[in-house]
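data36.tsv follows (TSV, C-alpha atoms):
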chain	number	residue	atom	x	y	z
T	15	MET	CA	114.18	-53.57	-9.65
T	16	ALA	CA	117.67	-54.81	-10.16
T	17	ASN	CA	117.68	-53.87	-13.84
T	18	SER	CA	116.37	-50.34	-13.51
T	19	ILE	CA	118.69	-47.67	-14.74
T	20	GLY	CA	118.98	-46.21	-11.30
T	21	ASN	CA	120.41	-49.37	-9.86
T	22	ARG	CA	122.72	-50.32	-12.72
T	23	LEU	CA	126.37	-49.93	-12.04
T	24	PRO	CA	128.83	-48.77	-14.66
T	25	PRO	CA	130.68	-51.64	-16.30
T	26	ALA	CA	134.03	-52.53	-14.92
T	27	ASN	CA	135.84	-51.62	-18.17
T	28	GLY	CA	134.88	-47.97	-17.76
T	29	ASP	CA	132.46	-47.79	-20.70
T	30	PRO	CA	129.39	-45.58	-20.15
T	31	LEU	CA	126.09	-47.27	-19.37
T	32	TRP	CA	124.49	-46.48	-22.72
T	33	GLN	CA	126.97	-48.72	-24.48
T	34	GLN	CA	125.35	-51.72	-22.86
T	35	ASP	CA	122.17	-50.91	-24.76
T	36	PHE	CA	123.84	-49.68	-27.95
T	37	PRO	CA	126.96	-51.77	-28.31
T	38	ILE	CA	129.44	-50.65	-30.91
T	39	ASN	CA	132.21	-52.85	-32.14
T	40	ARG	CA	134.96	-50.28	-32.06
T	41	VAL	CA	137.51	-52.42	-33.86
T	42	GLU	CA	135.08	-52.98	-36.69
T	43	GLU	CA	134.21	-49.27	-36.80
T	44	LEU	CA	137.86	-48.37	-37.28
T	45	ASN	CA	138.30	-50.77	-40.16
T	46	ASN	CA	137.78	-49.37	-43.64
T	47	SER	CA	136.29	-51.73	-46.10
T	48	ARG	CA	137.83	-52.06	-49.53
T	49	ARG	CA	134.71	-50.39	-50.91
T	50	GLN	CA	135.36	-47.35	-48.69
T	51	PHE	CA	139.00	-47.30	-49.73
T	52	LEU	CA	138.03	-47.34	-53.41
T	53	LYS	CA	135.71	-44.40	-52.81
T	54	PHE	CA	138.50	-42.58	-51.02
T	55	LEU	CA	140.86	-43.13	-53.97
T	56	GLY	CA	138.21	-41.85	-56.35
T	57	LEU	CA	137.61	-38.74	-54.29
T	58	THR	CA	141.37	-38.14	-54.06
T	59	SER	CA	141.56	-38.28	-57.84
T	60	LEU	CA	138.70	-35.79	-58.08
T	61	ALA	CA	140.44	-33.49	-55.60
T	62	PHE	CA	143.70	-33.57	-57.59
T	63	PHE	CA	141.84	-32.75	-60.80
T	64	THR	CA	139.96	-29.91	-59.12
T	65	GLY	CA	143.23	-28.48	-57.82
T	66	THR	CA	144.87	-28.73	-61.25
T	67	LEU	CA	141.87	-27.08	-62.88
T	68	GLY	CA	141.99	-24.32	-60.27
T	69	VAL	CA	145.64	-23.64	-61.07
T	70	GLY	CA	144.76	-23.41	-64.77
T	71	LEU	CA	141.87	-21.03	-64.18
T	72	LYS	CA	144.06	-18.83	-61.98
T	73	ALA	CA	146.71	-18.76	-64.72
T	74	LEU	CA	144.05	-17.81	-67.25
T	75	PHE	CA	142.83	-15.03	-65.00
T	76	GLU	CA	146.39	-13.73	-64.54
T	77	GLU	CA	146.98	-13.88	-68.30
T	78	ARG	CA	143.94	-11.73	-68.98
T	79	ARG	CA	144.90	-9.36	-66.23
T	80	ASN	CA	148.45	-9.01	-67.61
T	81	ALA	CA	147.06	-8.10	-71.01
T	82	ASN	CA	145.32	-5.08	-69.51
T	83	LEU	CA	148.19	-3.69	-67.43
T	84	VAL	CA	148.89	0.00	-67.79
T	85	ALA	CA	152.25	1.75	-67.54
T	86	GLN	CA	153.15	2.86	-64.04
T	87	ARG	CA	155.83	5.33	-63.00
T	88	ILE	CA	158.55	3.76	-60.85
T	89	ALA	CA	161.13	6.50	-60.30
T	90	ALA	CA	163.24	9.11	-62.03
T	91	VAL	CA	166.50	7.87	-63.55
T	92	SER	CA	168.39	10.16	-61.20
T	93	ASP	CA	166.82	8.40	-58.19
T	94	VAL	CA	168.65	5.15	-58.93
T	95	PRO	CA	172.43	5.34	-58.52
T	96	ALA	CA	174.77	3.22	-60.60
T	97	GLU	CA	174.50	-0.43	-59.49
T	98	GLY	CA	171.76	0.67	-57.13
T	99	TRP	CA	168.28	-0.71	-56.63
T	100	LEU	CA	164.95	0.22	-55.20
T	101	THR	CA	161.67	-1.43	-54.44
T	102	PHE	CA	158.26	-0.62	-55.81
T	103	HIS	CA	154.90	-2.33	-56.30
T	104	TYR	CA	153.51	-3.44	-59.62
T	105	PRO	CA	150.75	-3.76	-60.74
T	106	ASP	CA	149.29	-3.25	-57.25
T	107	ALA	CA	150.33	-3.21	-53.62
T	108	SER	CA	150.26	-6.99	-53.30
T	109	TYR	CA	153.07	-7.44	-55.82
T	110	PRO	CA	156.39	-6.10	-54.46
T	111	ALA	CA	159.09	-5.65	-57.10
T	112	ILE	CA	162.69	-4.53	-57.38
T	113	LEU	CA	164.27	-2.25	-59.94
T	114	LEU	CA	167.99	-2.72	-60.58
T	115	ARG	CA	170.46	-0.53	-62.36
T	116	LEU	CA	173.05	-2.87	-63.82
T	117	PRO	CA	176.73	-1.90	-64.21
T	118	ASP	CA	176.17	-1.20	-67.93
T	119	GLY	CA	173.45	1.33	-66.99
T	120	GLN	CA	170.55	-0.86	-68.12
T	121	PHE	CA	167.41	-1.02	-65.96
T	122	VAL	CA	165.74	-4.33	-65.18
T	123	ALA	CA	162.88	-5.14	-62.82
T	124	TYR	CA	161.59	-8.32	-61.25
T	125	GLU	CA	158.93	-9.39	-58.81
T	126	GLN	CA	160.56	-9.38	-55.40
T	127	LYS	CA	159.32	-12.86	-54.60
T	128	CYS	CA	161.74	-15.76	-54.61
T	129	THR	CA	160.35	-18.55	-56.76
T	130	HIS	CA	161.12	-21.03	-54.00
T	131	LEU	CA	158.95	-19.91	-51.09
T	132	LEU	CA	158.15	-16.29	-51.99
T	133	CYS	CA	160.69	-14.68	-49.64
T	134	PRO	CA	161.71	-11.17	-50.68
T	135	VAL	CA	164.95	-11.13	-52.67
T	136	ILE	CA	167.65	-8.45	-52.52
T	137	TYR	CA	170.21	-7.20	-54.99
T	138	GLN	CA	173.87	-7.58	-54.01
T	139	ALA	CA	175.74	-5.37	-56.45
T	140	ASP	CA	179.18	-6.24	-55.06
T	141	LYS	CA	178.59	-9.92	-55.86
T	142	GLN	CA	176.54	-9.18	-58.96
T	143	ARG	CA	173.66	-11.38	-57.90
T	144	ILE	CA	170.11	-11.27	-56.65
T	145	PHE	CA	170.02	-13.15	-53.38
T	146	CYS	CA	167.28	-14.77	-51.35
T	147	PRO	CA	168.38	-14.77	-47.72
T	148	CYS	CA	165.81	-17.36	-46.62
T	149	HIS	CA	167.41	-20.38	-48.27
T	150	GLU	CA	170.34	-18.82	-50.11
T	151	GLY	CA	168.85	-18.85	-53.56
T	152	VAL	CA	170.83	-16.94	-56.17
T	153	PHE	CA	169.55	-15.33	-59.37
T	154	ASP	CA	171.31	-13.65	-62.28
T	155	PRO	CA	170.59	-9.90	-62.09
T	156	ALA	CA	170.65	-9.41	-65.87
T	157	SER	CA	168.21	-12.16	-66.77
T	158	GLY	CA	166.58	-13.18	-63.48
T	159	ARG	CA	167.59	-16.77	-64.15
T	160	ASN	CA	167.95	-19.04	-61.11
T	161	LEU	CA	171.65	-19.86	-60.69
T	162	SER	CA	171.90	-21.84	-57.47
T	163	GLY	CA	170.01	-22.83	-54.37
T	164	PRO	CA	166.49	-24.19	-54.13
T	165	PRO	CA	164.56	-21.79	-56.43
T	166	PRO	CA	163.08	-23.86	-59.26
T	167	ARG	CA	162.33	-21.05	-61.69
T	168	PRO	CA	163.67	-17.65	-62.81
T	169	LEU	CA	162.28	-14.54	-61.18
T	170	ASN	CA	159.19	-13.10	-62.81
T	171	ALA	CA	160.40	-10.19	-64.89
T	172	ILE	CA	158.71	-6.84	-65.38
T	173	ARG	CA	159.14	-4.81	-68.56
T	174	VAL	CA	160.57	-1.35	-67.95
T	175	ALA	CA	160.80	1.63	-70.25
T	176	VAL	CA	162.65	4.92	-69.81
T	177	ARG	CA	160.91	8.01	-71.17
T	178	ASP	CA	162.02	11.57	-70.54
T	179	GLY	CA	164.22	10.61	-67.61
T	180	VAL	CA	161.49	8.60	-65.92
T	181	ILE	CA	161.40	4.82	-65.50
T	182	TYR	CA	158.06	3.11	-66.08
T	183	ALA	CA	156.87	-0.44	-65.53
T	184	VAL	CA	154.96	-1.32	-68.69
T	185	GLY	CA	153.96	-4.93	-68.24
T	186	ARG	CA	155.04	-8.38	-67.26
T	187	VAL	CA	157.36	-10.51	-69.33
T	188	GLY	CA	155.86	-13.74	-70.61
V	2	MET	CA	124.62	-59.16	-46.99
V	3	LEU	CA	126.35	-61.66	-44.78
V	4	GLY	CA	127.38	-64.75	-46.63
V	5	ARG	CA	127.97	-63.02	-49.97
V	6	GLY	CA	130.99	-64.30	-51.73
V	7	PRO	CA	133.82	-62.09	-52.86
V	8	ARG	CA	132.58	-60.34	-55.98
V	9	LEU	CA	136.04	-59.47	-57.17
V	10	PRO	CA	138.88	-61.88	-56.70
V	11	HIS	CA	141.50	-60.69	-54.25
V	12	ARG	CA	144.10	-60.57	-56.99
V	13	VAL	CA	141.98	-58.28	-59.16
V	14	MET	CA	141.12	-56.06	-56.20
V	15	ARG	CA	144.76	-55.79	-55.20
V	16	TRP	CA	145.81	-54.69	-58.68
V	17	LEU	CA	142.86	-52.33	-58.89
V	18	ILE	CA	143.91	-50.58	-55.68
V	19	ILE	CA	147.56	-50.47	-56.74
V	20	ALA	CA	146.54	-49.02	-60.11
V	21	LEU	CA	144.38	-46.35	-58.47
V	22	LEU	CA	147.15	-45.41	-56.05
V	23	GLY	CA	149.53	-45.11	-59.01
V	24	LEU	CA	147.06	-42.96	-60.92
V	25	ASN	CA	146.67	-40.70	-57.89
V	26	GLY	CA	150.45	-40.35	-57.79
V	27	VAL	CA	150.54	-39.37	-61.46
V	28	GLN	CA	147.82	-36.80	-60.82
V	29	LEU	CA	149.89	-35.32	-58.01
V	30	VAL	CA	152.83	-34.94	-60.38
V	31	LEU	CA	150.52	-33.35	-62.96
V	32	LEU	CA	149.29	-30.89	-60.35
V	33	GLN	CA	152.87	-29.90	-59.53
V	34	GLY	CA	153.63	-29.58	-63.24
V	35	ALA	CA	150.58	-27.36	-63.71
V	36	ILE	CA	151.68	-25.11	-60.85
V	37	ASN	CA	155.18	-24.85	-62.31
V	38	SER	CA	154.05	-24.13	-65.86
V	39	SER	CA	151.47	-21.58	-64.70
V	40	GLU	CA	154.18	-19.74	-62.76
V	41	LEU	CA	156.30	-19.78	-65.92
V	42	ARG	CA	153.22	-18.42	-67.72
V	43	GLN	CA	153.13	-21.33	-70.14
V	44	LEU	CA	149.37	-21.54	-70.39
V	45	GLY	CA	149.34	-24.18	-73.12
V	46	THR	CA	151.41	-26.56	-71.02
V	47	THR	CA	149.18	-25.91	-68.01
V	48	TRP	CA	146.06	-26.87	-69.96
V	49	ALA	CA	147.82	-29.98	-71.25
V	50	PHE	CA	148.41	-31.02	-67.63
V	51	ILE	CA	144.75	-30.30	-66.85
V	52	ALA	CA	143.62	-32.43	-69.78
V	53	ALA	CA	145.88	-35.27	-68.67
V	54	SER	CA	144.52	-35.02	-65.13
V	55	ALA	CA	140.96	-35.10	-66.47
V	56	GLY	CA	141.81	-38.20	-68.48
V	57	ILE	CA	143.16	-39.92	-65.40
V	58	LEU	CA	140.07	-38.92	-63.42
V	59	LEU	CA	137.96	-40.51	-66.15
V	60	LEU	CA	140.09	-43.64	-66.06
V	61	THR	CA	139.81	-43.78	-62.26
V	62	GLY	CA	136.04	-43.47	-62.46
V	63	THR	CA	135.92	-46.18	-65.10
V	64	LEU	CA	137.99	-48.57	-63.01
V	65	ILE	CA	135.91	-47.96	-59.88
V	66	GLY	CA	132.71	-48.18	-61.89
V	67	TYR	CA	133.87	-51.47	-63.33
V	68	ALA	CA	134.61	-52.78	-59.85
V	69	PHE	CA	131.16	-51.84	-58.56
V	70	TRP	CA	129.45	-53.15	-61.69
V	71	ARG	CA	131.37	-56.38	-61.42
V	72	ALA	CA	130.43	-56.61	-57.74
V	73	ARG	CA	126.73	-56.75	-58.66
V	74	ARG	CA	127.15	-59.70	-60.96
V	75	PRO	CA	126.74	-63.12	-59.38
V	76	LEU	CA	129.74	-65.38	-59.46
V	77	PRO	CA	129.63	-68.35	-61.82
V	78	THR	CA	129.58	-70.67	-58.80
V	79	GLU	CA	126.53	-68.86	-57.41
V	80	LEU	CA	124.79	-69.17	-60.76
V	81	ALA	CA	125.39	-72.87	-60.58
V	82	GLY	CA	123.73	-73.00	-57.16
V	83	GLN	CA	126.91	-73.61	-55.21
V	84	PRO	CA	127.99	-71.43	-52.29
V	85	ALA	CA	130.80	-69.02	-52.92
V	86	PRO	CA	134.15	-70.49	-51.94
V	87	ASP	CA	135.10	-67.70	-49.57
V	88	ALA	CA	131.85	-66.31	-48.26
V	89	THR	CA	132.94	-64.02	-45.48
V	90	GLN	CA	131.92	-60.49	-44.69
V	91	GLU	CA	135.38	-59.00	-45.00
V	92	ASN	CA	136.04	-60.56	-48.37
V	93	ARG	CA	133.24	-58.86	-50.21
V	94	LEU	CA	133.90	-55.65	-52.06

Just dump the structure as structure tokens.
Amino acid sequence: MANSIGNRLPPANGDPLWQQDFPINRVEELNNSRRQFLKFLGLTSLAFFTGTLGVGLKALFEERRNANLVAQRIAAVSDVPAEGWLTFHYPDASYPAILLRLPDGQFVAYEQKCTHLLCPVIYQADKQRIFCPCHEGVFDPASGRNLSGPPPRPLNAIRVAVRDGVIYAVGRVG
Amino acid sequence: MLGRGPRLPHRVMRWLIIALLGLNGVQLVLLQGAINSSELRQLGTTWAFIAASAGILLLTGTLIGYAFWRARRPLPTELAGQPAPDATQENRL
């Protein structure tokens, strides 16, 4: 039996034997029809909307969470030297923050995440700036405003209060 | 389905695809705007971006729905009993 499977030789082009019985037009398979492309564009639109909605829901969740924050002790006033700074976490361990003592003695605190790519920022008292070493972003220490470099937004500020010689974080600004 | 004529003219289909690509681009910008405003804790602005994105999704669905609805209708030439002028497989929607 010349046509039995046992005697059939593989085709010269290297395709497996089964393709002789189930031929597939590969070029046609790779082509997307306009109908498929329309569906793809529709699904892309749905994906963008879902992502935007997710961002909104996350913001809503954060807003509600911020409304319920409780005061948290950061340090004693004596622990922070003039023009010094220290790090802490607020409201929980996943949110690193920095507390600065400005030259005028005022305390300010910010999330220690650069608004560019979330690198930790540091306070440089000699240059009077908050600096992100990853991409050289610069923030104003008094206001947290982005001054130069790639950061698109000011640092997220944390409200601080000083009571009886102790500094507390009492909430987020905004 | 071989032999069906093009249900939407090429020109209409081209503009439909360009319009949908443009709408997707606008939605991408809206997504970036929503991220930015949420980080700035401007919740009202964020929801405005979401509403705009929903509107564009609705518009996209309407355009695609129109295209598919239009594709089901016979062409005037077919109604008259004549073959479609460009009856090839790749030209149908």

Task: Interface list for chain T, partner chain V, 9 Å threshold, all atoms listed in the file, as a list in words - done: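 In the required form, that comes to Ser47, Arg48, Arg49, Phe51, Leu52, Lys53, Leu55, Gly56, Thr58, Ser59, Leu60, Phe62, Phe63, Gly65, Thr66, Leu67, Val69, Gly70, Lys72, Ala73, Leu74, Glu76, Glu77, Thr129, Pro166, Arg167, Pro168, Asn170 and Gly188 of chain T.
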
- [ ] Using atom CA of Arg79 of chain T and atom CA of Ile181 of chain T as the two end points, give the distance in Å to one decimal.
- [x]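 Rounded to one decimal, the two atoms are 21.8 Å apart.
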
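Atom CA of Ser157 of chain T is found 8.5 Å from atom CA of Leu169 of chain T.
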
TODO: Enter the distance from atom CA of Val13 of chain V to atom CA of Arg71 of chain V, in Å, rounded to one decimal.
DONE: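 Interatomic distance, atom CA of Val13 of chain V to atom CA of Arg71 of chain V: 11.0 Å.
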
Open item on the list: So, with all atoms listed in the file as the atoms that count, which of T:Asp178, T:Gln33, T:Ala171, T:Ala85 lies closest to Leu113 of chain T?
Closed with: T:Ala171
